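Enquirer: Dropping in run_9.cif, which is mmCIF, C-alpha atoms and all ligand atoms:
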```
data_query
#
loop_
_atom_site.group_PDB
_atom_site.id
_atom_site.type_symbol
_atom_site.label_atom_id
_atom_site.label_comp_id
_atom_site.auth_asym_id
_atom_site.auth_seq_id
_atom_site.Cartn_x
_atom_site.Cartn_y
_atom_site.Cartn_z
ATOM 1 C CA MET A 1 23.389 -11.794 5.665
ATOM 2 C CA ASP A 2 25.738 -11.621 2.766
ATOM 3 C CA LEU A 3 26.927 -8.095 3.312
ATOM 4 C CA ALA A 4 29.388 -8.222 0.458
ATOM 5 C CA SER A 5 26.487 -8.201 -1.996
ATOM 6 C CA ASN A 6 24.942 -5.064 -0.545
ATOM 7 C CA PRO A 7 23.701 -3.135 -3.610
ATOM 8 C CA LEU A 8 24.449 0.223 -2.054
ATOM 9 C CA ALA A 9 28.104 -0.311 -1.337
ATOM 10 C CA PRO A 10 30.292 1.471 -3.871
ATOM 11 C CA ALA A 11 33.587 -0.229 -4.653
ATOM 12 C CA GLY A 12 36.232 0.413 -2.033
ATOM 13 C CA THR A 13 33.816 1.259 0.822
ATOM 14 C CA ASP A 14 32.657 -0.683 3.866
ATOM 15 C CA PRO A 15 30.084 -3.066 2.331
ATOM 16 C CA ALA A 16 28.185 -3.248 5.619
ATOM 17 C CA ALA A 17 27.813 0.508 6.093
ATOM 18 C CA ALA A 18 24.427 0.932 4.446
ATOM 19 C CA TRP A 19 23.039 -2.016 6.363
ATOM 20 C CA ARG A 20 23.504 -0.625 9.773
ATOM 21 C CA HIS A 21 20.393 0.135 11.765
ATOM 22 C CA PRO A 22 19.885 3.715 12.860
ATOM 23 C CA MET A 23 20.516 2.218 16.264
ATOM 24 C CA PRO A 24 21.833 -1.283 16.781
ATOM 25 C CA VAL A 25 19.446 -3.949 18.046
ATOM 26 C CA ALA A 26 19.956 -4.459 21.798
ATOM 27 C CA ALA A 27 20.623 -0.740 22.203
ATOM 28 C CA ASP A 28 18.592 1.028 24.851
ATOM 29 C CA ARG A 29 15.069 0.386 23.588
ATOM 30 C CA ASP A 30 13.967 3.786 24.924
ATOM 31 C CA ALA A 31 16.053 5.346 22.145
ATOM 32 C CA ALA A 32 13.916 3.694 19.451
ATOM 33 C CA TYR A 33 10.303 4.553 18.750
ATOM 34 C CA LEU A 34 9.361 0.915 18.191
ATOM 35 C CA SER A 35 11.326 -2.117 19.369
ATOM 36 C CA LEU A 36 10.748 -5.818 18.879
ATOM 37 C CA ARG A 37 12.738 -8.115 21.103
ATOM 38 C CA ASN A 38 12.833 -11.848 20.327
ATOM 39 C CA VAL A 39 9.235 -11.767 19.152
ATOM 40 C CA ARG A 40 7.820 -15.143 18.239
ATOM 41 C CA LYS A 41 4.304 -16.173 17.292
ATOM 42 C CA VAL A 42 2.880 -19.674 17.331
ATOM 43 C CA TYR A 43 -0.781 -20.179 16.429
ATOM 44 C CA GLN A 44 -2.443 -23.182 18.013
ATOM 45 C CA THR A 45 -4.734 -24.779 15.469
ATOM 46 C CA ARG A 46 -6.753 -27.986 15.420
ATOM 47 C CA SER A 47 -4.202 -29.511 13.061
ATOM 48 C CA GLY A 48 -1.251 -28.520 15.272
ATOM 49 C CA ASP A 49 0.956 -25.558 16.019
ATOM 50 C CA VAL A 50 1.794 -23.072 13.274
ATOM 51 C CA GLU A 51 4.955 -21.105 13.958
ATOM 52 C CA ALA A 52 4.196 -17.919 12.044
ATOM 53 C CA VAL A 53 7.017 -15.663 13.216
ATOM 54 C CA GLY A 54 10.185 -17.487 14.199
ATOM 55 C CA MET A 55 12.071 -14.635 15.805
ATOM 56 C CA ALA A 56 11.910 -10.930 15.113
ATOM 57 C CA ASN A 57 14.296 -8.296 16.463
ATOM 58 C CA LEU A 58 13.926 -4.773 15.224
ATOM 59 C CA ASP A 59 14.342 -1.125 16.146
ATOM 60 C CA ILE A 60 12.512 1.610 14.272
ATOM 61 C CA ALA A 61 13.119 5.307 14.788
ATOM 62 C CA ALA A 62 10.267 7.818 14.948
ATOM 63 C CA GLY A 63 9.323 9.027 11.483
ATOM 64 C CA GLU A 64 10.771 6.063 9.585
ATOM 65 C CA PHE A 65 8.707 4.517 6.804
ATOM 66 C CA VAL A 66 9.532 0.802 6.770
ATOM 67 C CA SER A 67 8.343 -1.604 4.071
ATOM 68 C CA ILE A 68 8.152 -5.332 4.777
ATOM 69 C CA LEU A 69 8.546 -7.858 1.964
ATOM 70 C CA GLY A 70 8.343 -11.634 2.186
ATOM 71 C CA PRO A 71 6.673 -14.673 0.660
ATOM 72 C CA SER A 72 2.956 -15.205 1.130
ATOM 73 C CA GLY A 73 2.135 -16.824 4.468
ATOM 74 C CA CYS A 74 5.459 -15.914 6.079
ATOM 75 C CA GLY A 75 3.860 -13.968 8.919
ATOM 76 C CA LYS A 76 3.874 -10.357 7.707
ATOM 77 C CA SER A 77 0.270 -9.728 8.737
ATOM 78 C CA THR A 78 0.908 -11.507 12.014
ATOM 79 C CA LEU A 79 3.886 -9.258 12.720
ATOM 80 C CA LEU A 80 1.861 -6.134 11.932
ATOM 81 C CA SER A 81 -1.054 -7.329 14.089
ATOM 82 C CA MET A 82 1.277 -7.952 17.025
ATOM 83 C CA VAL A 83 2.785 -4.467 16.708
ATOM 84 C CA GLY A 84 -0.731 -3.033 16.545
ATOM 85 C CA GLY A 85 -1.788 -4.960 19.641
ATOM 86 C CA LEU A 86 -4.440 -6.848 17.671
ATOM 87 C CA GLU A 87 -2.705 -10.199 18.190
ATOM 88 C CA SER A 88 -0.795 -11.440 21.244
ATOM 89 C CA VAL A 89 2.876 -12.408 21.137
ATOM 90 C CA THR A 90 3.780 -15.967 22.091
ATOM 91 C CA GLU A 91 7.265 -14.981 23.238
ATOM 92 C CA GLY A 92 9.235 -11.771 23.351
ATOM 93 C CA GLU A 93 8.282 -8.160 23.801
ATOM 94 C CA ILE A 94 7.110 -5.225 21.710
ATOM 95 C CA TRP A 95 7.786 -1.735 23.014
ATOM 96 C CA ILE A 96 6.544 1.582 21.700
ATOM 97 C CA GLU A 97 7.971 4.754 23.183
ATOM 98 C CA GLY A 98 9.141 2.858 26.223
ATOM 99 C CA ALA A 99 5.783 1.149 26.931
ATOM 100 C CA ARG A 100 4.880 -2.499 26.308
ATOM 101 C CA VAL A 101 2.252 -3.050 23.623
ATOM 102 C CA THR A 102 -0.623 -4.894 25.259
ATOM 103 C CA GLY A 103 -3.574 -4.017 23.019
ATOM 104 C CA PRO A 104 -4.810 -1.701 20.270
ATOM 105 C CA ARG A 105 -4.140 1.989 20.781
ATOM 106 C CA ARG A 106 -5.878 5.155 19.717
ATOM 107 C CA ASP A 107 -2.659 6.661 18.432
ATOM 108 C CA PHE A 108 -2.274 3.938 15.785
ATOM 109 C CA GLY A 109 -3.807 4.094 12.328
ATOM 110 C CA TYR A 110 -4.618 0.896 10.465
ATOM 111 C CA ILE A 111 -5.135 0.368 6.739
ATOM 112 C CA PHE A 112 -5.903 -3.067 5.342
ATOM 113 C CA GLN A 113 -6.373 -4.494 1.857
ATOM 114 C CA ASP A 114 -10.145 -4.143 2.133
ATOM 115 C CA PRO A 115 -11.075 -0.518 2.836
ATOM 116 C CA THR A 116 -14.292 -1.614 4.699
ATOM 117 C CA LEU A 117 -16.103 1.697 4.362
ATOM 118 C CA LEU A 118 -19.616 2.131 5.717
ATOM 119 C CA PRO A 119 -21.808 2.083 2.582
ATOM 120 C CA TRP A 120 -24.562 4.314 3.975
ATOM 121 C CA LYS A 121 -22.189 7.080 5.060
ATOM 122 C CA SER A 122 -20.678 9.781 2.886
ATOM 123 C CA VAL A 123 -16.966 9.900 2.109
ATOM 124 C CA LEU A 124 -16.526 12.707 4.636
ATOM 125 C CA ASP A 125 -18.420 10.840 7.358
ATOM 126 C CA ASN A 126 -16.404 7.690 6.692
ATOM 127 C CA VAL A 127 -13.205 9.659 7.251
ATOM 128 C CA LEU A 128 -14.628 11.103 10.481
ATOM 129 C CA PHE A 129 -15.968 7.764 11.704
ATOM 130 C CA PRO A 130 -13.040 6.941 14.067
ATOM 131 C CA ILE A 131 -13.517 10.346 15.696
ATOM 132 C CA ARG A 132 -17.154 9.512 16.388
ATOM 133 C CA THR A 133 -16.402 6.047 17.765
ATOM 134 C CA GLN A 134 -13.677 7.488 19.985
ATOM 135 C CA LYS A 135 -16.204 10.092 21.149
ATOM 136 C CA ARG A 136 -13.940 12.986 20.275
ATOM 137 C CA PRO A 137 -15.443 16.345 19.224
ATOM 138 C CA VAL A 138 -16.132 15.889 15.481
ATOM 139 C CA ALA A 139 -16.104 19.645 14.795
ATOM 140 C CA ASP A 140 -12.430 19.761 15.802
ATOM 141 C CA TYR A 141 -11.541 17.284 13.046
ATOM 142 C CA GLU A 142 -13.727 18.423 10.159
ATOM 143 C CA GLY A 143 -11.144 20.852 8.802
ATOM 144 C CA GLU A 144 -8.499 18.138 8.766
ATOM 145 C CA ALA A 145 -10.887 15.691 7.061
ATOM 146 C CA HIS A 146 -11.464 18.217 4.265
ATOM 147 C CA ARG A 147 -7.722 18.879 3.960
ATOM 148 C CA LEU A 148 -6.863 15.174 3.782
ATOM 149 C CA LEU A 149 -9.531 14.455 1.160
ATOM 150 C CA GLU A 150 -8.316 17.345 -0.952
ATOM 151 C CA ARG A 151 -4.722 16.202 -0.671
ATOM 152 C CA VAL A 152 -5.581 12.766 -2.061
ATOM 153 C CA GLY A 153 -7.665 14.248 -4.885
ATOM 154 C CA LEU A 154 -11.127 13.552 -3.452
ATOM 155 C CA GLY A 155 -12.157 17.148 -2.873
ATOM 156 C CA GLU A 156 -15.112 16.773 -5.259
ATOM 157 C CA PHE A 157 -16.294 13.501 -3.757
ATOM 158 C CA LYS A 158 -16.816 14.321 -0.092
ATOM 159 C CA ALA A 159 -20.600 13.961 -0.257
ATOM 160 C CA LYS A 160 -20.586 10.759 -2.370
ATOM 161 C CA ARG A 161 -21.309 7.288 -1.039
ATOM 162 C CA PRO A 162 -18.570 4.603 -1.297
ATOM 163 C CA ARG A 163 -20.440 2.689 -4.045
ATOM 164 C CA GLU A 164 -20.066 5.747 -6.285
ATOM 165 C CA LEU A 165 -16.255 5.543 -6.083
ATOM 166 C CA SER A 166 -13.657 3.378 -7.806
ATOM 167 C CA GLY A 167 -11.575 0.876 -5.800
ATOM 168 C CA GLY A 168 -8.623 3.264 -5.751
ATOM 169 C CA MET A 169 -10.785 6.125 -4.533
ATOM 170 C CA ARG A 170 -12.240 3.954 -1.772
ATOM 171 C CA GLN A 171 -8.747 3.075 -0.620
ATOM 172 C CA ARG A 172 -7.885 6.801 -0.571
ATOM 173 C CA VAL A 173 -10.839 7.328 1.763
ATOM 174 C CA ALA A 174 -9.488 4.547 3.993
ATOM 175 C CA LEU A 175 -6.093 6.272 3.958
ATOM 176 C CA CYS A 176 -7.664 9.562 5.099
ATOM 177 C CA ARG A 177 -9.667 7.693 7.760
ATOM 178 C CA GLY A 178 -6.430 6.100 9.003
ATOM 179 C CA LEU A 179 -4.772 9.515 9.272
ATOM 180 C CA ILE A 180 -7.656 11.549 10.687
ATOM 181 C CA ASN A 181 -6.763 11.165 14.350
ATOM 182 C CA ASP A 182 -3.149 12.118 13.619
ATOM 183 C CA PRO A 183 -1.766 8.697 14.578
ATOM 184 C CA ARG A 184 1.848 8.335 15.645
ATOM 185 C CA LEU A 185 2.129 4.975 13.885
ATOM 186 C CA MET A 186 0.497 3.814 10.650
ATOM 187 C CA LEU A 187 0.171 0.084 10.088
ATOM 188 C CA MET A 188 -0.611 -0.779 6.474
ATOM 189 C CA ASP A 189 -1.190 -4.359 5.372
ATOM 190 C CA GLU A 190 -1.083 -4.675 1.569
ATOM 191 C CA PRO A 191 -3.442 -1.711 1.248
ATOM 192 C CA PHE A 192 -3.141 -1.469 -2.528
ATOM 193 C CA SER A 193 -2.912 -5.141 -3.511
ATOM 194 C CA ALA A 194 -6.486 -5.357 -4.763
ATOM 195 C CA LEU A 195 -6.111 -2.356 -7.088
ATOM 196 C CA ASP A 196 -5.325 -2.374 -10.792
ATOM 197 C CA ALA A 197 -1.792 -1.322 -11.766
ATOM 198 C CA ILE A 198 -2.669 2.259 -12.688
ATOM 199 C CA SER A 199 -4.710 2.930 -9.538
ATOM 200 C CA ARG A 200 -1.896 1.395 -7.547
ATOM 201 C CA ASP A 201 0.689 3.744 -9.058
ATOM 202 C CA ASP A 202 -1.656 6.645 -8.291
ATOM 203 C CA MET A 203 -2.011 5.490 -4.685
ATOM 204 C CA ASN A 204 1.742 5.157 -4.303
ATOM 205 C CA LEU A 205 2.195 8.694 -5.493
ATOM 206 C CA ALA A 206 -0.612 9.964 -3.236
ATOM 207 C CA LEU A 207 0.983 8.206 -0.254
ATOM 208 C CA VAL A 208 4.485 9.441 -1.023
ATOM 209 C CA ARG A 209 3.138 13.006 -1.318
ATOM 210 C CA LEU A 210 1.298 12.670 1.990
ATOM 211 C CA TRP A 211 4.482 11.449 3.621
ATOM 212 C CA ASP A 212 6.399 14.482 2.388
ATOM 213 C CA SER A 213 4.326 16.530 4.818
ATOM 214 C CA TYR A 214 3.068 14.049 7.447
ATOM 215 C CA HIS A 215 6.289 12.332 8.624
ATOM 216 C CA LYS A 216 4.614 9.491 10.451
ATOM 217 C CA THR A 217 6.240 6.285 11.501
ATOM 218 C CA ALA A 218 4.897 3.577 9.205
ATOM 219 C CA LEU A 219 5.033 -0.172 8.723
ATOM 220 C CA PHE A 220 3.914 -1.099 5.226
ATOM 221 C CA VAL A 221 3.477 -4.699 4.102
ATOM 222 C CA THR A 222 3.472 -5.370 0.379
ATOM 223 C CA HIS A 223 4.176 -8.029 -2.237
ATOM 224 C CA SER A 224 5.467 -5.431 -4.659
ATOM 225 C CA ILE A 225 9.200 -4.832 -4.484
ATOM 226 C CA ARG A 226 8.955 -1.604 -6.490
ATOM 227 C CA GLU A 227 6.203 -0.264 -4.255
ATOM 228 C CA ALA A 228 8.240 -1.156 -1.163
ATOM 229 C CA VAL A 229 11.297 0.687 -2.444
ATOM 230 C CA PHE A 230 9.427 3.687 -3.827
ATOM 231 C CA LEU A 231 7.594 4.387 -0.563
ATOM 232 C CA ALA A 232 10.048 3.548 2.173
ATOM 233 C CA ASP A 233 13.113 4.799 3.985
ATOM 234 C CA ARG A 234 13.970 1.222 4.837
ATOM 235 C CA VAL A 235 12.998 -2.220 3.496
ATOM 236 C CA LEU A 236 12.920 -5.443 5.511
ATOM 237 C CA VAL A 237 12.832 -8.906 3.956
ATOM 238 C CA MET A 238 11.293 -11.822 5.844
ATOM 239 C CA THR A 239 11.924 -15.507 5.053
ATOM 240 C CA ALA A 240 9.315 -18.204 4.652
ATOM 241 C CA ARG A 241 7.798 -19.595 7.877
ATOM 242 C CA PRO A 242 8.898 -19.660 10.629
ATOM 243 C CA SER A 243 10.010 -16.268 9.475
ATOM 244 C CA ARG A 244 13.034 -14.214 10.341
ATOM 245 C CA ILE A 245 14.129 -10.835 9.135
ATOM 246 C CA VAL A 246 17.061 -11.525 6.818
ATOM 247 C CA ALA A 247 17.612 -8.171 5.175
ATOM 248 C CA ASP A 248 17.271 -4.622 6.429
ATOM 249 C CA LEU A 249 18.148 -2.115 3.748
ATOM 250 C CA ARG A 250 18.288 1.645 4.210
ATOM 251 C CA LEU A 251 17.334 3.376 0.967
ATOM 252 C CA PRO A 252 19.363 6.249 -0.453
ATOM 253 C CA PHE A 253 16.491 8.190 -2.063
ATOM 254 C CA ALA A 254 15.758 11.697 -0.810
ATOM 255 C CA ARG A 255 12.348 13.193 -0.093
ATOM 256 C CA PRO A 256 10.281 14.767 -1.496
ATOM 257 C CA ARG A 257 10.263 11.798 -3.834
ATOM 258 C CA ASP A 258 9.192 11.779 -7.434
ATOM 259 C CA VAL A 259 8.129 8.926 -9.733
ATOM 260 C CA THR A 260 11.260 9.450 -11.808
ATOM 261 C CA VAL A 261 13.319 7.859 -9.019
ATOM 262 C CA GLN A 262 11.923 4.544 -10.322
ATOM 263 C CA ASP A 263 13.806 5.008 -13.594
ATOM 264 C CA SER A 264 17.197 5.325 -11.946
ATOM 265 C CA PRO A 265 19.700 2.459 -12.293
ATOM 266 C CA GLU A 266 20.150 2.491 -8.519
ATOM 267 C CA PHE A 267 16.420 1.935 -7.917
ATOM 268 C CA ASN A 268 16.404 -0.989 -10.313
ATOM 269 C CA ARG A 269 19.593 -2.460 -8.903
ATOM 270 C CA ILE A 270 18.078 -2.387 -5.419
ATOM 271 C CA CYS A 271 14.847 -4.020 -6.624
ATOM 272 C CA ALA A 272 16.793 -6.810 -8.334
ATOM 273 C CA TRP A 273 18.844 -7.368 -5.207
ATOM 274 C CA LEU A 274 15.731 -7.508 -2.995
ATOM 275 C CA ARG A 275 14.167 -10.026 -5.373
ATOM 276 C CA ASP A 276 17.217 -12.250 -4.883
ATOM 277 C CA GLN A 277 16.921 -11.899 -1.102
ATOM 278 C CA ILE A 278 13.248 -12.897 -1.159
ATOM 279 C CA GLN A 279 13.958 -15.900 -3.346
ATOM 280 C CA ALA A 280 16.839 -16.958 -1.124
ATOM 281 C CA GLY A 281 14.504 -16.554 1.859
ATOM 282 C CA TYR A 282 12.271 -19.374 0.639
ATOM 283 C CA GLY A 283 15.044 -21.821 1.373
ATOM 284 C CA ARG A 284 16.405 -20.193 4.504
ATOM 285 C CA ALA A 285 13.615 -20.656 6.973
ATOM 286 C CA ALA A 286 15.254 -23.390 9.022
ATOM 287 C CA GLN A 287 18.554 -21.568 9.523
ATOM 288 C CA PRO A 288 19.525 -19.698 12.669
ATOM 289 C CA ALA A 289 19.027 -15.933 13.026
ATOM 290 C CA GLY A 290 21.109 -13.905 10.639
ATOM 291 C CA GLY A 291 21.826 -17.033 8.536
HETATM 292 P P1 LIG A 301 1.384 -13.224 5.478
HETATM 293 O O1 LIG A 301 0.681 -11.983 5.891
HETATM 294 O O2 LIG A 301 2.866 -13.077 5.394
HETATM 295 O O3 LIG A 301 0.836 -13.792 4.215
HETATM 296 P P2 LIG A 301 0.145 -14.346 7.868
HETATM 297 O O4 LIG A 301 0.724 -13.576 8.981
HETATM 298 O O5 LIG A 301 -1.221 -14.003 7.444
HETATM 299 O O6 LIG A 301 1.155 -14.326 6.630
HETATM 300 O O7 LIG A 301 0.146 -15.883 8.257
HETATM 301 C C1 LIG A 301 1.323 -16.571 8.677
HETATM 302 C C2 LIG A 301 0.979 -18.000 8.982
HETATM 303 O O8 LIG A 301 0.146 -18.044 10.141
HETATM 304 C C3 LIG A 301 0.198 -18.707 7.875
HETATM 305 O O9 LIG A 301 0.632 -20.048 7.816
HETATM 306 C C4 LIG A 301 -1.234 -18.627 8.338
HETATM 307 O O10 LIG A 301 -1.977 -19.716 7.860
HETATM 308 C C5 LIG A 301 -1.085 -18.676 9.844
HETATM 309 N N1 LIG A 301 -2.130 -17.919 10.531
HETATM 310 C C6 LIG A 301 -2.399 -16.602 10.395
HETATM 311 N N2 LIG A 301 -3.398 -16.223 11.214
HETATM 312 C C7 LIG A 301 -3.789 -17.337 11.884
HETATM 313 C C8 LIG A 301 -4.778 -17.602 12.892
HETATM 314 N N3 LIG A 301 -5.567 -16.628 13.375
HETATM 315 N N4 LIG A 301 -4.874 -18.866 13.347
HETATM 316 C C9 LIG A 301 -4.074 -19.831 12.876
HETATM 317 N N5 LIG A 301 -3.120 -19.661 11.940
HETATM 318 C C10 LIG A 301 -2.969 -18.431 11.446
HETATM 319 MG MG MG A 302 -0.896 -10.948 4.986
#
```
Translate this structure into structure tokens?
Ligand code: ADP
Ligand code: MG
Expert:
Amino acid sequence: MDLASNPLAPAGTDPAAAWRHPMPVAADRDAAYLSLRNVRKVYQTRSGDVEAVGMANLDIAAGEFVSILGPSGCGKSTLLSMVGGLESVTEGEIWIEGARVTGPRRDFGYIFQDPTLLPWKSVLDNVLFPIRTQKRPVADYEGEAHRLLERVGLGEFKAKRPRELSGGMRQRVALCRGLINDPRLMLMDEPFSALDAISRDDMNLALVRLWDSYHKTALFVTHSIREAVFLADRVLVMTARPSRIVADLRLPFARPRDVTVQDSPEFNRICAWLRDQIQAGYGRAAQPAGG
């Protein structure tokens, strides 16, 4: 990494300071909430092997919101699926709270680009659906379902069917469904990419507001640099395949966060810098780790 170009380093300070992980990689993994150690993923396909993730090393503290940026096809979804236990690792290890990830867990929430709501169920019942499938007592979660729906502005729509909602509203329902069982970790894979620009801004604000009170650990994949920076405590940049993590930037913006942060010169300087990192990443794939 070219630490000298770190956008957060004021003149005369240690240019690497803002880069440092909350805990260095190779520290005691029990100290991190989530740890990836030398994680690699190779898909075997009929036309040969596809090395999706070249090598990923990462430590994430509990409560951190981490955005992941990188070119299309670089392995972002693969990385998220491995963390979520939905996809096996070819090499390396993923640890959460000191335990190896070996499969999907109840204490994870997942949100994907397609909200995949059940069309015949009401908004409220869609939010409560994971509780039913996990055979938990639904009555214990109804209050929380109402609270979540009100928080994201769907208080009036609880009895509606998904087809009566806009795309943005459907994705809000999916967000509430992902949060209903109070997950420790939220995995979000381009959840707002299919929305129009205005709905997307609304969703970003709804999510940032939720995070002011929910404090969950989150991995959020997006193509939008501004979205990544607005939502996160930390932004990672992955290179083209076989991907590596080439930038890991801790953001200086306080919470609760307001839309006006996006107008600040610092916000825009960081976005421009991340854009450069992503572009550089297209040509960096074959270089060794940290190159
Ligand atoms: P991203 O989310 O960054 O766009 P993906 O993780 O979806 O990237 O894919 C990374 C690479 O792995 C791509 O080349 C893709 O074609 C390949 N890939 C993803 N899933 C599979 C799969 N199940 N089988 C084979 N190849 C896959
Ligand atoms: Mg993807």
Enquirer: Within 12 Å of (6.3, -10.8, 3.2), all atoms listed in the file: residues as a PyMOL selection string?
Expert: chain A and resi 52-53+67-80+189-190+220-225+228+235-247+274-275+277-279+281-282
Enquirer: Report as an MDAnalysis selection string the full result of the PyMOL selection byres (((chain A and resi 186) around 8) and not hetatm) when it is applied to this structure.
Expert: chainID A and resid 108:111 178:179 183:185 187:188 216:219
Enquirer: Select, from A:Arg40, A:Arg106, A:Arg136, A:Arg257, the residue with the minimum atom-to-atom distance to Gly85 (chain A), counting all atoms listed in the file.
Expert: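 Ranked by minimum distance to Gly85 (chain A), first place goes to A:Arg106.
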Enquirer: To one decimal place, how far is CA of Arg234 (chain A) from CA of Glu64 (chain A) in Å?
Expert: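 CA of Arg234 (chain A) sits 7.5 Å away from CA of Glu64 (chain A).
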Enquirer: In terms of the shortest atom-to-atom distance over all atoms listed in the file, which of A:Asn268, A:Trp95, A:Gln113, A:Leu154 is closest to ligand MG 302 (chain A)?
Expert: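 Among the listed residues, A:Gln113 lies closest to ligand MG 302 (chain A).
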Enquirer: To one decimal in Å, tell me the separation between atom C1 of ligand LIG 301 (chain A) and CA of Trp273 (chain A).
Expert: 24.2 Å
Enquirer: What is the distance, in Å and to one decimal place, between CA of Glu93 (chain A) and CA of Asn38 (chain A)?
Expert: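 About the pair CA of Glu93 (chain A) and CA of Asn38 (chain A): they are 6.8 Å apart.
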Enquirer: Set the distance at 10 Å and use all atoms listed in the file: which residues neighbour Ala31 (chain A) once local chain neighbours fewer than 6 positions away are removed? I'd like the list as an NGL selection string.
Expert: :A and (23 or 59-62 or 97-98)
Enquirer: Using only C-alpha atoms and all ligand atoms, which of A:Lys135, A:Pro191, A:Asn57, A:Cys176 sits nearest ligand MG 302 (chain A)?
Expert: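 Among A:Lys135, A:Pro191, A:Asn57, A:Cys176, it is A:Pro191 that comes nearest to ligand MG 302 (chain A).
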Enquirer: If the PyMOL selection byres (((chain A and resi 192) around 9) and not hetatm) were run on this exact file, what residues would it hold? Put them as a PDB file with C-alpha atoms, keeping the file's coordinate frame.
Expert:
```pdb
ATOM      1  CA  PHE A 112      -5.903  -3.067   5.342  1.00  0.00           C
ATOM      2  CA  GLN A 113      -6.373  -4.494   1.857  1.00  0.00           C
ATOM      3  CA  ASP A 114     -10.145  -4.143   2.133  1.00  0.00           C
ATOM      4  CA  GLY A 168      -8.623   3.264  -5.751  1.00  0.00           C
ATOM      5  CA  GLN A 171      -8.747   3.075  -0.620  1.00  0.00           C
ATOM      6  CA  ASP A 189      -1.190  -4.359   5.372  1.00  0.00           C
ATOM      7  CA  GLU A 190      -1.083  -4.675   1.569  1.00  0.00           C
ATOM      8  CA  PRO A 191      -3.442  -1.711   1.248  1.00  0.00           C
ATOM      9  CA  SER A 193      -2.912  -5.141  -3.511  1.00  0.00           C
ATOM     10  CA  ALA A 194      -6.486  -5.357  -4.763  1.00  0.00           C
ATOM     11  CA  LEU A 195      -6.111  -2.356  -7.088  1.00  0.00           C
ATOM     12  CA  ASP A 196      -5.325  -2.374 -10.792  1.00  0.00           C
ATOM     13  CA  SER A 199      -4.710   2.930  -9.538  1.00  0.00           C
ATOM     14  CA  ARG A 200      -1.896   1.395  -7.547  1.00  0.00           C
ATOM     15  CA  MET A 203      -2.011   5.490  -4.685  1.00  0.00           C
ATOM     16  CA  ASN A 204       1.742   5.157  -4.303  1.00  0.00           C
ATOM     17  CA  THR A 222       3.472  -5.370   0.379  1.00  0.00           C
TER      18      THR A 222
END
```
Enquirer: At most 12 Å from (-7.3, 18.4, -1.7), file frame, all atoms listed in the file: which residues, as number ranges by chain?
Expert: A: 143-158, 172, 176, 206, 209-210
Enquirer: How would the residues just picked look written out with C-alpha atoms as a PDB file, in the frame of the given file?
Expert:
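The new file result-v9.pdb reads:
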```
ATOM      1  CA  GLY A 143     -11.144  20.852   8.802  1.00  0.00           C
ATOM      2  CA  GLU A 144      -8.499  18.138   8.766  1.00  0.00           C
ATOM      3  CA  ALA A 145     -10.887  15.691   7.061  1.00  0.00           C
ATOM      4  CA  HIS A 146     -11.464  18.217   4.265  1.00  0.00           C
ATOM      5  CA  ARG A 147      -7.722  18.879   3.960  1.00  0.00           C
ATOM      6  CA  LEU A 148      -6.863  15.174   3.782  1.00  0.00           C
ATOM      7  CA  LEU A 149      -9.531  14.455   1.160  1.00  0.00           C
ATOM      8  CA  GLU A 150      -8.316  17.345  -0.952  1.00  0.00           C
ATOM      9  CA  ARG A 151      -4.722  16.202  -0.671  1.00  0.00           C
ATOM     10  CA  VAL A 152      -5.581  12.766  -2.061  1.00  0.00           C
ATOM     11  CA  GLY A 153      -7.665  14.248  -4.885  1.00  0.00           C
ATOM     12  CA  LEU A 154     -11.127  13.552  -3.452  1.00  0.00           C
ATOM     13  CA  GLY A 155     -12.157  17.148  -2.873  1.00  0.00           C
ATOM     14  CA  GLU A 156     -15.112  16.773  -5.259  1.00  0.00           C
ATOM     15  CA  PHE A 157     -16.294  13.501  -3.757  1.00  0.00           C
ATOM     16  CA  LYS A 158     -16.816  14.321  -0.092  1.00  0.00           C
ATOM     17  CA  ARG A 172      -7.885   6.801  -0.571  1.00  0.00           C
ATOM     18  CA  CYS A 176      -7.664   9.562   5.099  1.00  0.00           C
ATOM     19  CA  ALA A 206      -0.612   9.964  -3.236  1.00  0.00           C
ATOM     20  CA  ARG A 209       3.138  13.006  -1.318  1.00  0.00           C
ATOM     21  CA  LEU A 210       1.298  12.670   1.990  1.00  0.00           C
TER      22      LEU A 210
END
```
Enquirer: Pick the closest to Gly63 (chain A) from A:Ser213, A:Thr116, A:Ser47, A:Ser88: which is it, counting all atoms listed in the file?
Expert: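 Among the listed residues, the smallest separation from Gly63 (chain A) belongs to A:Ser213.
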Enquirer: Could you pull the residues within 12 Å of Lys160 (chain A), counting all atoms listed in the file, minus those fewer than 3 positions along the same chain, as number ranges by chain?
Expert: A: 118-126, 154-157, 163-166, 169-170, 173
Enquirer: Ranking A:Leu86, A:Thr45, A:Ser35, A:Ala272 by minimum distance to ligand LIG 301 (chain A) and counting only C-alpha atoms and all ligand atoms, which one comes first?
Expert: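 Closest candidate: A:Thr45.
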Enquirer: Please determine, counting only C-alpha atoms and all ligand atoms, which residue among A:Val261, A:Leu175, A:Ala197, A:Val42 has the shortest atom-to-atom distance to ligand LIG 301 (chain A).
Expert: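 So, comparing all the options, the nearest one is A:Val42.
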